[in-house]
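This is data-v8.cif (mmCIF, C-alpha atoms).
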data_coords
loop_
_atom_site.label_atom_id
_atom_site.label_comp_id
_atom_site.auth_asym_id
_atom_site.auth_seq_id
_atom_site.Cartn_x
_atom_site.Cartn_y
_atom_site.Cartn_z
CA MET J 1 143.07 -213.95 43.19
CA ARG J 2 146.41 -214.44 44.79
CA VAL J 3 148.59 -211.50 45.44
CA ALA J 4 152.04 -211.58 43.97
CA ASP J 5 154.76 -212.08 46.54
CA ARG J 6 156.39 -208.72 47.06
CA SER J 7 157.81 -209.29 50.49
CA ASP J 8 161.26 -208.13 49.49
CA SER J 9 160.12 -205.25 47.35
CA LYS J 10 159.63 -201.62 48.31
CA VAL J 11 156.07 -200.97 47.25
CA GLU J 12 155.27 -197.54 48.54
CA LEU J 13 152.14 -195.88 47.31
CA LEU J 14 151.46 -193.85 50.41
CA PRO J 15 154.83 -192.43 51.47
CA HIS J 16 156.06 -193.93 54.74
CA ASN J 17 156.89 -190.46 56.03
CA VAL J 18 153.26 -189.46 55.56
CA ILE J 19 152.06 -192.46 57.54
CA ASP J 20 154.67 -191.89 60.23
CA GLU J 21 153.70 -188.24 60.62
CA TYR J 22 150.01 -189.05 60.59
CA THR J 23 150.59 -191.48 63.46
CA LYS J 24 152.53 -188.82 65.39
CA THR J 25 149.68 -186.33 65.00
CA MET J 26 147.21 -188.93 66.26
CA ASN J 27 149.39 -189.80 69.24
CA LEU J 28 149.75 -186.11 70.02
CA LEU J 29 146.07 -185.20 69.79
CA PHE J 30 144.73 -188.46 71.21
CA PRO J 31 147.30 -189.64 73.78
CA SER J 32 146.76 -193.19 74.97
CA TRP J 33 147.79 -192.22 78.53
CA ASP J 34 145.09 -189.59 78.91
CA ILE J 35 141.94 -190.95 80.57
CA LYS J 36 139.82 -188.02 79.37
CA THR J 37 140.88 -188.68 75.79
CA GLN J 38 139.98 -192.34 76.08
CA LYS J 39 136.58 -191.43 77.51
CA PHE J 40 136.10 -188.91 74.71
CA LEU J 41 136.92 -191.52 72.05
CA LYS J 42 134.66 -194.08 73.67
CA LYS J 43 131.83 -191.56 73.64
CA LYS J 44 132.51 -190.89 69.96
CA GLY J 45 132.55 -194.63 69.18
CA GLN J 46 136.20 -194.67 68.05
CA THR J 47 138.61 -197.45 68.93
CA PHE J 48 141.95 -196.14 67.70
CA GLY J 49 142.93 -194.59 71.04
CA MET J 50 144.91 -197.57 72.26
CA GLU J 51 146.02 -198.84 68.85
CA ALA J 52 149.73 -199.22 68.32
CA PRO J 53 152.00 -197.45 67.76
CA VAL J 54 150.78 -195.34 70.66
CA GLY J 55 153.72 -193.27 71.74
CA TYR J 56 156.96 -191.66 70.72
CA PRO J 57 159.91 -191.12 73.01
CA GLY J 58 160.79 -187.53 73.75
CA PRO J 59 159.02 -184.28 73.00
CA LEU J 60 157.54 -183.47 69.60
CA TYR J 61 158.75 -180.32 67.86
CA LEU J 62 156.80 -178.53 65.18
CA SER J 63 159.85 -179.06 62.98
CA ASP J 64 159.37 -182.84 63.37
CA PHE J 65 156.43 -182.50 61.02
CA HIS J 66 156.75 -181.98 57.33
CA PHE J 67 153.51 -182.78 55.52
CA TRP J 68 151.22 -181.72 58.37
CA ARG J 69 153.30 -178.81 59.68
CA ASP J 70 151.11 -176.09 58.20
CA ARG J 71 147.88 -177.53 59.53
CA LEU J 72 149.38 -178.37 62.90
CA SER J 73 150.76 -174.85 63.21
CA THR J 74 147.36 -173.34 62.35
CA LEU J 75 145.71 -175.60 64.89
CA TYR J 76 148.23 -174.75 67.58
CA THR J 77 147.81 -171.01 66.92
CA GLU J 78 144.08 -171.48 67.35
CA PHE J 79 144.72 -173.45 70.56
CA CYS J 80 146.79 -170.57 71.96
CA SER J 81 144.33 -167.87 70.88
CA PRO J 82 141.87 -166.42 73.42
CA PRO J 83 138.79 -168.61 73.89
CA PRO J 84 135.93 -167.62 71.58
CA SER J 85 133.08 -167.89 74.11
CA MET J 86 132.45 -167.37 77.82
CA THR J 87 132.12 -171.13 78.39
CA GLN J 88 135.58 -171.79 76.95
CA LEU J 89 136.89 -168.73 78.81
CA PHE J 90 135.67 -170.23 82.07
CA ASN J 91 137.16 -173.63 81.25
CA ASP J 92 140.52 -172.27 80.15
CA ARG J 93 142.70 -172.38 83.28
CA ARG J 94 146.04 -172.79 81.57
CA ASN J 95 147.18 -169.47 83.04
CA VAL J 96 145.83 -169.64 86.59
CA LEU J 97 146.89 -166.10 87.56
CA GLN J 98 145.25 -164.66 84.44
CA TRP J 99 142.15 -166.78 85.03
CA TYR J 100 141.74 -165.59 88.63
CA THR J 101 142.50 -161.95 87.70
CA PHE J 102 139.96 -162.00 84.90
CA TRP J 103 137.20 -163.68 86.87
CA PHE J 104 137.89 -161.55 89.96
CA ALA J 105 137.46 -158.48 87.76
CA VAL J 106 134.26 -159.96 86.33
CA VAL J 107 132.90 -160.61 89.85
CA ILE J 108 133.83 -157.08 90.97
CA LEU J 109 132.16 -155.65 87.87
CA ALA J 110 129.05 -157.75 88.45
CA LEU J 111 128.86 -156.71 92.13
CA THR J 112 129.41 -153.06 91.17
CA VAL J 113 126.57 -153.26 88.66
CA ILE J 114 124.26 -155.09 91.09
CA PHE J 115 124.90 -152.71 93.99
CA GLY J 116 124.79 -149.73 91.62
CA VAL J 117 121.34 -150.80 90.47
CA ILE J 118 120.22 -151.40 94.06
CA SER J 119 121.57 -147.98 95.09
CA SER J 120 119.80 -146.33 92.17
CA ILE J 121 116.51 -148.01 93.03
CA THR J 122 116.74 -147.14 96.72
CA ALA J 123 117.75 -143.57 95.84
CA CYS J 124 114.70 -143.30 93.57
CA LEU J 125 112.44 -144.73 96.26
CA SER J 126 113.99 -142.42 98.85
CA THR J 127 113.39 -139.40 96.63
CA ARG J 128 109.83 -140.48 95.97
CA TYR J 129 109.03 -141.04 99.64
CA THR J 130 110.71 -137.77 100.57
CA TYR J 131 108.62 -136.00 97.97
CA GLU J 132 105.48 -137.72 99.24
CA ALA J 133 106.41 -136.73 102.81
CA LEU J 134 106.88 -133.16 101.64
CA VAL J 135 103.47 -133.19 99.95
CA LEU J 136 101.90 -134.64 103.07
CA ALA J 137 103.64 -132.06 105.27
CA ARG J 138 102.40 -129.26 103.04
CA GLU J 139 98.88 -130.66 103.13
CA ALA J 140 99.07 -130.95 106.92
CA ALA J 141 100.32 -127.40 107.20
CA ALA J 142 97.57 -126.15 104.91
CA SER J 143 94.99 -128.11 106.87
CA ALA J 144 96.26 -126.74 110.18
CA GLN J 145 96.14 -123.22 108.79
CA ALA J 146 92.55 -123.73 107.59
CA CYS J 147 91.52 -124.98 111.03
CA THR J 148 93.03 -121.97 112.71
CA CYS J 149 91.06 -119.65 110.43
CA ALA J 150 87.80 -121.51 110.98
CA ILE J 151 87.80 -121.23 114.82
CA PRO J 152 85.85 -118.02 115.76
CA SER J 153 87.68 -115.67 118.05
CA ALA J 154 86.32 -115.19 121.61
CA SER J 155 83.97 -112.13 122.00
CA PRO J 156 85.03 -109.63 124.65
CA ALA J 157 81.35 -109.08 125.64
CA GLY J 158 80.87 -112.78 126.35
CA MET E 1 130.85 -209.34 46.88
CA SER E 2 129.35 -205.94 46.36
CA ILE E 3 127.53 -204.40 43.48
CA HIS E 4 125.95 -201.16 42.56
CA HIS E 5 124.21 -201.47 39.27
CA SER E 6 120.68 -201.21 38.04
CA LEU E 7 120.67 -204.80 36.81
CA GLU E 8 117.94 -206.86 38.34
CA GLY E 9 117.27 -210.52 38.92
CA SER E 10 119.36 -213.44 39.96
CA LYS E 11 122.65 -212.09 38.65
CA HIS E 12 122.20 -209.06 40.82
CA GLN E 13 121.47 -211.15 43.90
CA GLU E 14 124.33 -213.49 43.11
CA LYS E 15 126.84 -210.68 43.04
CA ARG E 16 125.58 -208.91 46.15
CA ARG E 17 127.91 -209.20 49.09
CA LEU E 18 125.99 -211.04 51.76
CA LYS E 19 128.62 -211.43 54.43
CA PRO E 20 130.83 -208.36 54.40
CA GLY E 21 133.09 -209.66 57.16
CA SER E 22 133.89 -212.93 55.49
CA SER E 23 134.56 -211.46 52.08
CA LEU E 24 136.63 -208.52 53.27
CA GLN E 25 139.62 -210.67 54.17
CA PRO E 26 140.74 -211.51 50.60
CA THR E 27 140.46 -207.84 49.66
CA LEU E 28 142.40 -206.73 52.74
CA SER E 29 144.96 -209.42 52.01
CA THR E 30 145.49 -207.81 48.60
CA PHE E 31 145.48 -204.25 49.91
CA LEU E 32 147.87 -204.91 52.79
CA ASN E 33 149.93 -207.58 51.06
CA ILE E 34 149.63 -210.01 53.95
CA SER E 35 148.09 -213.46 54.25
CA GLU E 36 144.45 -213.73 55.27
CA ASP E 37 145.47 -215.42 58.54
CA GLU E 38 147.36 -212.33 59.64
CA ILE E 39 144.34 -210.08 59.23
CA SER E 40 142.61 -209.05 62.43
CA LEU E 41 139.09 -208.07 61.44
CA GLU E 42 138.40 -207.00 65.00
CA ARG E 43 141.08 -204.32 64.81
CA LEU E 44 140.00 -203.39 61.31
CA ALA E 45 136.35 -202.93 62.29
CA ALA E 46 136.51 -199.17 61.64
CA TYR E 47 137.94 -199.79 58.18
CA GLN E 48 135.29 -202.42 57.48
CA SER E 49 132.64 -199.88 58.39
CA TYR E 50 134.19 -197.41 55.91
CA TYR E 51 134.41 -200.15 53.27
CA ASP E 52 130.76 -201.13 53.70
CA ARG E 53 129.61 -197.52 53.68
CA THR E 54 131.44 -196.85 50.43
CA TRP E 55 129.65 -199.73 48.72
CA GLU E 56 126.36 -198.79 50.32
CA SER E 57 126.56 -195.21 49.08
CA LEU E 58 127.31 -196.48 45.58
CA ARG E 59 124.32 -198.80 45.72
CA ASN E 60 122.16 -195.90 46.88
CA GLY E 61 123.35 -193.82 43.95
CA TYR E 62 125.16 -191.11 45.88
CA PRO E 63 127.33 -189.84 44.39
CA PRO E 64 125.67 -190.92 41.15
CA GLU E 65 128.81 -192.34 39.54
CA ALA E 66 127.34 -195.84 39.74
CA GLU E 67 125.25 -195.02 36.71
CA SER E 68 128.34 -194.84 34.54
CA MET E 69 129.82 -198.07 35.88
CA ALA E 70 129.30 -201.65 34.80
CA LEU E 71 128.82 -204.45 37.29
CA VAL E 72 131.55 -204.31 39.93
CA SER E 73 132.42 -206.64 42.78
CA ASP E 74 135.18 -207.06 45.36
CA GLU E 75 136.99 -209.22 42.85
CA HIS E 76 137.31 -206.34 40.40
CA ILE E 77 138.79 -204.22 43.18
CA ARG E 78 141.32 -206.93 44.03
CA ILE E 79 142.34 -207.29 40.40
CA ILE E 80 142.98 -203.56 40.09
CA ALA E 81 144.93 -203.42 43.38
CA THR E 82 147.08 -206.38 42.35
CA LEU E 83 147.73 -204.89 38.93
CA ILE E 84 148.76 -201.55 40.43
CA SER E 85 150.94 -203.25 43.06
CA ASN E 86 152.76 -205.17 40.36
CA SER E 87 153.09 -202.26 37.98
CA ILE E 88 154.50 -199.75 40.48
CA LEU E 89 157.44 -202.04 41.18
CA ASP E 90 159.27 -200.98 38.05
CA LEU E 91 157.53 -198.15 36.26
CA PRO E 92 155.32 -195.17 36.97
CA CYS E 93 151.74 -196.41 36.96
CA GLN E 94 149.80 -194.62 34.21
CA ARG E 95 146.03 -194.78 34.02
CA GLU E 96 145.98 -195.39 30.25
CA THR E 97 148.23 -198.44 30.65
CA LEU E 98 146.15 -199.69 33.54
CA ARG E 99 142.96 -199.30 31.53
CA GLU E 100 144.48 -201.07 28.54
CA THR E 101 145.53 -204.03 30.67
CA LEU E 102 142.18 -204.23 32.43
CA SER E 103 140.22 -204.13 29.19
CA LYS E 104 141.96 -207.37 28.18
CA ASP E 105 140.79 -209.05 31.38
CA LEU E 106 137.59 -211.07 31.04
CA HIS E 107 136.25 -209.62 34.29
CA PHE E 108 136.18 -206.19 32.67
CA ALA E 109 134.85 -207.29 29.29
CA ASP E 110 131.65 -205.25 29.58
CA HIS E 111 133.37 -202.13 30.94
CA SER E 112 133.54 -198.96 28.90
CA GLU E 113 136.48 -196.55 29.26
CA GLU E 114 134.39 -194.38 31.60
CA SER E 115 133.40 -197.41 33.65
CA LEU E 116 137.04 -198.49 33.93
CA ASN E 117 138.05 -195.03 35.15
CA ARG E 118 135.30 -194.99 37.77
CA THR E 119 136.15 -198.53 38.92
CA ILE E 120 139.83 -197.61 39.23
CA ASP E 121 138.81 -194.58 41.31
CA LEU E 122 136.67 -196.80 43.52
CA ALA E 123 139.52 -199.29 44.02
CA LEU E 124 141.91 -196.49 44.96
CA ARG E 125 139.39 -194.94 47.36
CA LEU E 126 138.95 -198.25 49.14
CA TRP E 127 142.63 -199.09 49.13
CA LEU E 128 144.41 -195.81 49.78
CA VAL E 129 141.62 -194.10 51.75
CA LEU E 130 141.89 -190.97 49.64
CA ASN E 131 138.76 -189.44 48.13
CA ILE E 132 139.81 -190.09 44.54
CA ARG E 133 136.89 -189.47 42.22
CA ASP E 134 135.92 -187.42 39.22
CA ASP E 135 134.98 -183.82 40.12
CA GLU E 136 131.67 -184.37 38.36
CA TYR E 137 130.68 -186.89 41.05
CA ALA E 138 131.80 -184.90 44.05
CA PRO E 139 129.47 -181.91 44.20
CA GLY E 140 130.34 -179.67 47.12
CA ALA E 141 132.82 -182.16 48.55
CA HIS E 142 136.58 -182.25 48.65
CA SER E 143 137.84 -184.76 46.12
CA ILE E 144 140.95 -185.40 44.08
CA GLN E 145 140.92 -186.54 40.50
CA TRP E 146 143.46 -188.83 38.89
CA ASP E 147 143.71 -188.09 35.19
CA ASP E 148 145.59 -189.60 32.29
CA GLY E 149 149.07 -188.24 31.85
CA VAL E 150 150.08 -188.24 35.51
CA SER E 151 151.51 -191.35 37.12
CA LEU E 152 149.79 -192.67 40.23
CA GLN E 153 152.96 -192.21 42.28
CA THR E 154 153.23 -188.54 41.29
CA PHE E 155 149.52 -188.00 41.79
CA ILE E 156 149.61 -189.35 45.35
CA ALA E 157 152.78 -187.42 46.19
CA GLN E 158 150.99 -184.23 45.08
CA GLN E 159 148.34 -184.76 47.75
CA PHE E 160 150.93 -184.36 50.49
CA PRO E 161 152.84 -181.23 49.51
CA LYS E 162 155.81 -179.76 51.31
CA PRO E 163 155.03 -177.18 53.98
CA ARG E 164 154.66 -173.58 52.84
CA MET E 165 155.54 -172.09 56.20
CA LEU E 166 159.17 -173.16 56.33
CA ARG E 167 160.54 -169.67 55.70
CA ASP E 168 157.70 -167.81 57.40
CA LEU E 169 158.18 -169.60 60.66
CA SER E 170 160.29 -167.78 63.15
CA GLU E 171 163.11 -169.76 64.63
CA ARG E 172 161.40 -169.72 68.00
CA MET E 173 158.19 -171.14 66.58
CA PHE E 174 160.06 -173.70 64.49
CA ASP E 175 161.80 -175.16 67.51
CA PHE E 176 158.72 -175.00 69.64
CA VAL E 177 157.94 -178.15 71.58
CA LEU E 178 154.32 -179.13 71.18
CA PRO E 179 153.10 -179.53 74.77
CA ASP E 180 151.38 -182.62 76.16
CA SER E 181 148.33 -180.48 76.82
CA PHE E 182 147.82 -180.01 73.07
CA THR E 183 145.12 -182.69 72.84
CA MET E 184 141.76 -182.90 71.12
CA VAL E 185 139.92 -182.90 74.44
CA LYS E 186 141.55 -179.60 75.42
CA LEU E 187 141.09 -178.14 71.96
CA LYS E 188 137.39 -178.72 72.44
CA ARG E 189 137.40 -177.47 76.02
CA TYR E 190 139.50 -174.33 75.55
CA SER E 191 138.94 -173.42 71.92
CA GLY E 192 135.49 -174.86 71.22
CA ILE E 193 136.82 -176.94 68.32
CA LYS E 194 134.72 -179.98 67.51
CA VAL E 195 136.02 -183.09 65.79
CA HIS E 196 134.59 -184.34 62.51
CA TRP E 197 135.76 -187.75 61.29
CA THR E 198 136.93 -187.81 57.70
CA TYR E 199 137.75 -190.88 55.64
CA ASP E 200 140.09 -189.05 53.30
CA LEU E 201 143.67 -189.08 54.60
CA SER E 202 144.54 -185.92 52.67
CA GLU E 203 141.92 -184.01 54.67
CA HIS E 204 143.44 -184.99 58.04
CA LEU E 205 143.81 -181.97 60.39
CA GLY E 206 141.91 -179.64 58.09
CA LEU E 207 140.45 -176.87 60.27
CA ASP E 208 137.26 -175.00 59.44
CA LYS E 209 137.77 -171.83 61.50
CA ASP E 210 134.30 -170.44 60.78
CA HIS E 211 132.47 -173.49 62.08
CA ARG E 212 135.28 -174.50 64.45
CA ILE E 213 135.46 -178.04 63.12
CA LEU E 214 138.62 -180.11 62.88
CA LYS E 215 138.71 -183.02 60.46
CA VAL E 216 140.47 -186.10 61.79
CA PHE E 217 141.18 -189.30 59.89
CA PRO E 218 140.44 -192.16 62.32
CA LEU E 219 141.66 -195.28 60.44
CA LYS E 220 144.99 -195.34 62.28
CA TYR E 221 145.44 -199.09 62.41
CA TYR E 222 144.61 -199.60 58.72
CA VAL E 223 146.99 -196.86 57.57
CA ASN E 224 149.79 -198.24 59.72
CA GLU E 225 149.18 -201.70 58.31
CA LEU E 226 149.30 -200.14 54.84
CA GLY E 227 152.64 -198.62 55.76
CA ARG E 228 154.00 -202.05 56.64
CA ARG E 229 153.40 -203.36 53.10
#
Show me the file's structure as structure tokens.
Amino acid sequence: MRVADRSDSKVELLPHNVIDEYTKTMNLLFPSWDIKTQKFLKKKGQTFGMEAPVGYPGPLYLSDFHFWRDRLSTLYTEFCSPPPSMTQLFNDRRNVLQWYTFWFAVVILALTVIFGVISSITACLSTRYTYEALVLAREAAASAQACTCAIPSASPAG
Amino acid sequence: MSIHHSLEGSKHQEKRRLKPGSSLQPTLSTFLNISEDEISLERLAAYQSYYDRTWESLRNGYPPEAESMALVSDEHIRIIATLISNSILDLPCQRETLRETLSKDLHFADHSEESLNRTIDLALRLWLVLNIRDDEYAPGAHSIQWDDGVSLQTFIAQQFPKPRMLRDLSERMFDFVLPDSFTMVKLKRYSGIKVHWTYDLSEHLGLDKDHRILKVFPLKYYVNELGRR
């Protein structure tokens, strides 16, 4: 069946603004210039990464979006929120000073715990060996005392 | 051609689409309102995959709406798309009117009212990449239902509502420049958000915070071609 010629007509089922905004969101989240994004898409088996239109001149404001503003705002808030797991926390180096401060504190804490445990163990061992030494010393003293008592004293008559 | 009906025998085999690639071009020509020569099937491979999957799921009976549909092929889809394209030029496209016109067409002679509704839904799903189907056939899934009484233009416009946050947004947030680092790769890396491909444009950028899944509609080329109509 042939399609009626509507080349001059304005047939708009999906609003053009919706399509335009959708394309902007795709160009924002999957930039064609980003090698990591292209690798990611290749891994996922998607081919739209380099499909035109691929870029928009100038920065994108949240106010540039109308239909997808709410969702984009929610997503961006989530993006700016603290990472939910230690893996993401380690990967998140957007604020380098904060990253180093946090991980330095973590290392210090870990070392404190490790050396604290080692100190506790050695202190316990030290106490135990001291106690054992004390017991041994007492036994030695008792033994020496017993020996002294057992030796008969020399008779004056010979 | 594609079918999804319980009919057996030669008629069934005759209607089955054997070469999806070769028969997709006339349908795309109707959907995109361009000549078949201008269609690049290579660039529309992702759409073709979606198109084939839609027919395949109907054939497999999930969702089970195929049971309430008469024999349907690509040609039926093209007829509906052409009829809608012509009708929206002047007037709001109403489903009752569409059904009435289709019932007079010989291709739809054996279609009941229910079958016509389901076939119209199928045509719109394939054409507009929106999950338009009766709620009864979309258990547990996001779907939108076009009913009698609402024009197609109004119905589609309702799927893309105006933002609610206009007044709630602070001026600072409103004028905020979305940084270049705001990419899917970094969303995954920093926020643990995984991407889930959806083939319903109205679901694009839907975020499931509990499961940390972002829905992304990947048929960029097709939608842009649709916008050029």
*Got a sec to resolve the PyMOL selection byres ((chain E and resi 126) around 9) on this structure and send the residues as a VMD selection string?*
chain E and resid 31 50 to 51 54 77 121 to 125 127 to 131
*Could you give me, as a PyMOL selection string, the residues within 12 Å of Asp208 (chain E), counting all atoms listed in the file and dropping anything in the same chain fewer than 2 positions from it?*
(chain J and resi 71+74-75+78) or (chain E and resi 192-196+203-206+210-216)
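Of the residues under consideration (E:Leu91, E:Ile144, E:Met69, E:Ile120), E:Leu91 shows the shortest atom-to-atom contact distance to chain J when counting all atoms listed in the file.
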*Mind telling me what the PyMOL selection byres ((chain E and resi 84) around 12) catches here, as a ChimeraX atom specification?*
/J:3-4,11-13 /E:30-31,77-83,85-95,97-99,101-102,120,123-124,127-128,151-153
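Of the residues under consideration (J:Ser143, J:Thr122, J:Thr25, J:Gln38), J:Thr25 shows the shortest atom-to-atom contact distance to Phe67 (chain J) when counting all atoms listed in the file.
In terms of minimum interatomic distance to Ser68 (chain E), E:His111 ranks closest within E:Arg228, E:Arg53, E:Arg133, E:His111, counting all atoms listed in the file.
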*If you count all atoms listed in the file, which residues fall within 12 Å of Cys80 (chain J), apart from same-chain ones fewer than 3 positions away, as a PyMOL selection string?*
(chain J and resi 73-77+83-84+92+94-95) or (chain E and resi 178-179+181-182+186-187+190-191)
*Quick one: pull the distance between CA of Leu125 (chain J) and CA of Thr112 (chain J), Å, one decimal.*
19.6 Å
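When the PyMOL selection byres ((chain E and resi 112-115) around 10) is evaluated on the file shown here, the picked residues come out as Glu65, Ala66, Glu67, Ser68, Met69, Ala70, Leu71, Val72, Glu96, Arg99, Glu100, Ser103, Phe108, Ala109, Asp110, His111, Leu116, Asn117, Arg118, Thr119, Ile120 and Asp121 of chain E.
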Can you write just those residues out, C-alpha atoms, as a compact mmCIF listing (two decimals), in the coordinates of the input?
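Saved file again_34.txt follows:
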# COMPACT_ATOMS: atom_id res chain seq x y z
CA GLU E 65 128.81 -192.34 39.54
CA ALA E 66 127.34 -195.84 39.74
CA GLU E 67 125.25 -195.02 36.71
CA SER E 68 128.34 -194.84 34.54
CA MET E 69 129.82 -198.07 35.88
CA ALA E 70 129.30 -201.65 34.80
CA LEU E 71 128.82 -204.45 37.29
CA VAL E 72 131.55 -204.31 39.93
CA GLU E 96 145.98 -195.39 30.25
CA ARG E 99 142.96 -199.30 31.53
CA GLU E 100 144.48 -201.07 28.54
CA SER E 103 140.22 -204.13 29.19
CA PHE E 108 136.18 -206.19 32.67
CA ALA E 109 134.85 -207.29 29.29
CA ASP E 110 131.65 -205.25 29.58
CA HIS E 111 133.37 -202.13 30.94
CA LEU E 116 137.04 -198.49 33.93
CA ASN E 117 138.05 -195.03 35.15
CA ARG E 118 135.30 -194.99 37.77
CA THR E 119 136.15 -198.53 38.92
CA ILE E 120 139.83 -197.61 39.23
CA ASP E 121 138.81 -194.58 41.31
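For the atom pair formed by CA of Lys36 (chain J) and CA of Arg69 (chain J), the distance is 25.6 Å, given to one decimal.
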*asked:* Could you list, as an MDAnalysis selection string, every residue within 8 Å of region 30-33 of chain J, counting only C-alpha atoms and ignoring same-chain residues fewer than 2 positions away?
replied: (chainID J and resid 26:28 35 37:38 49:50 54:55) or (chainID E and resid 183:184)
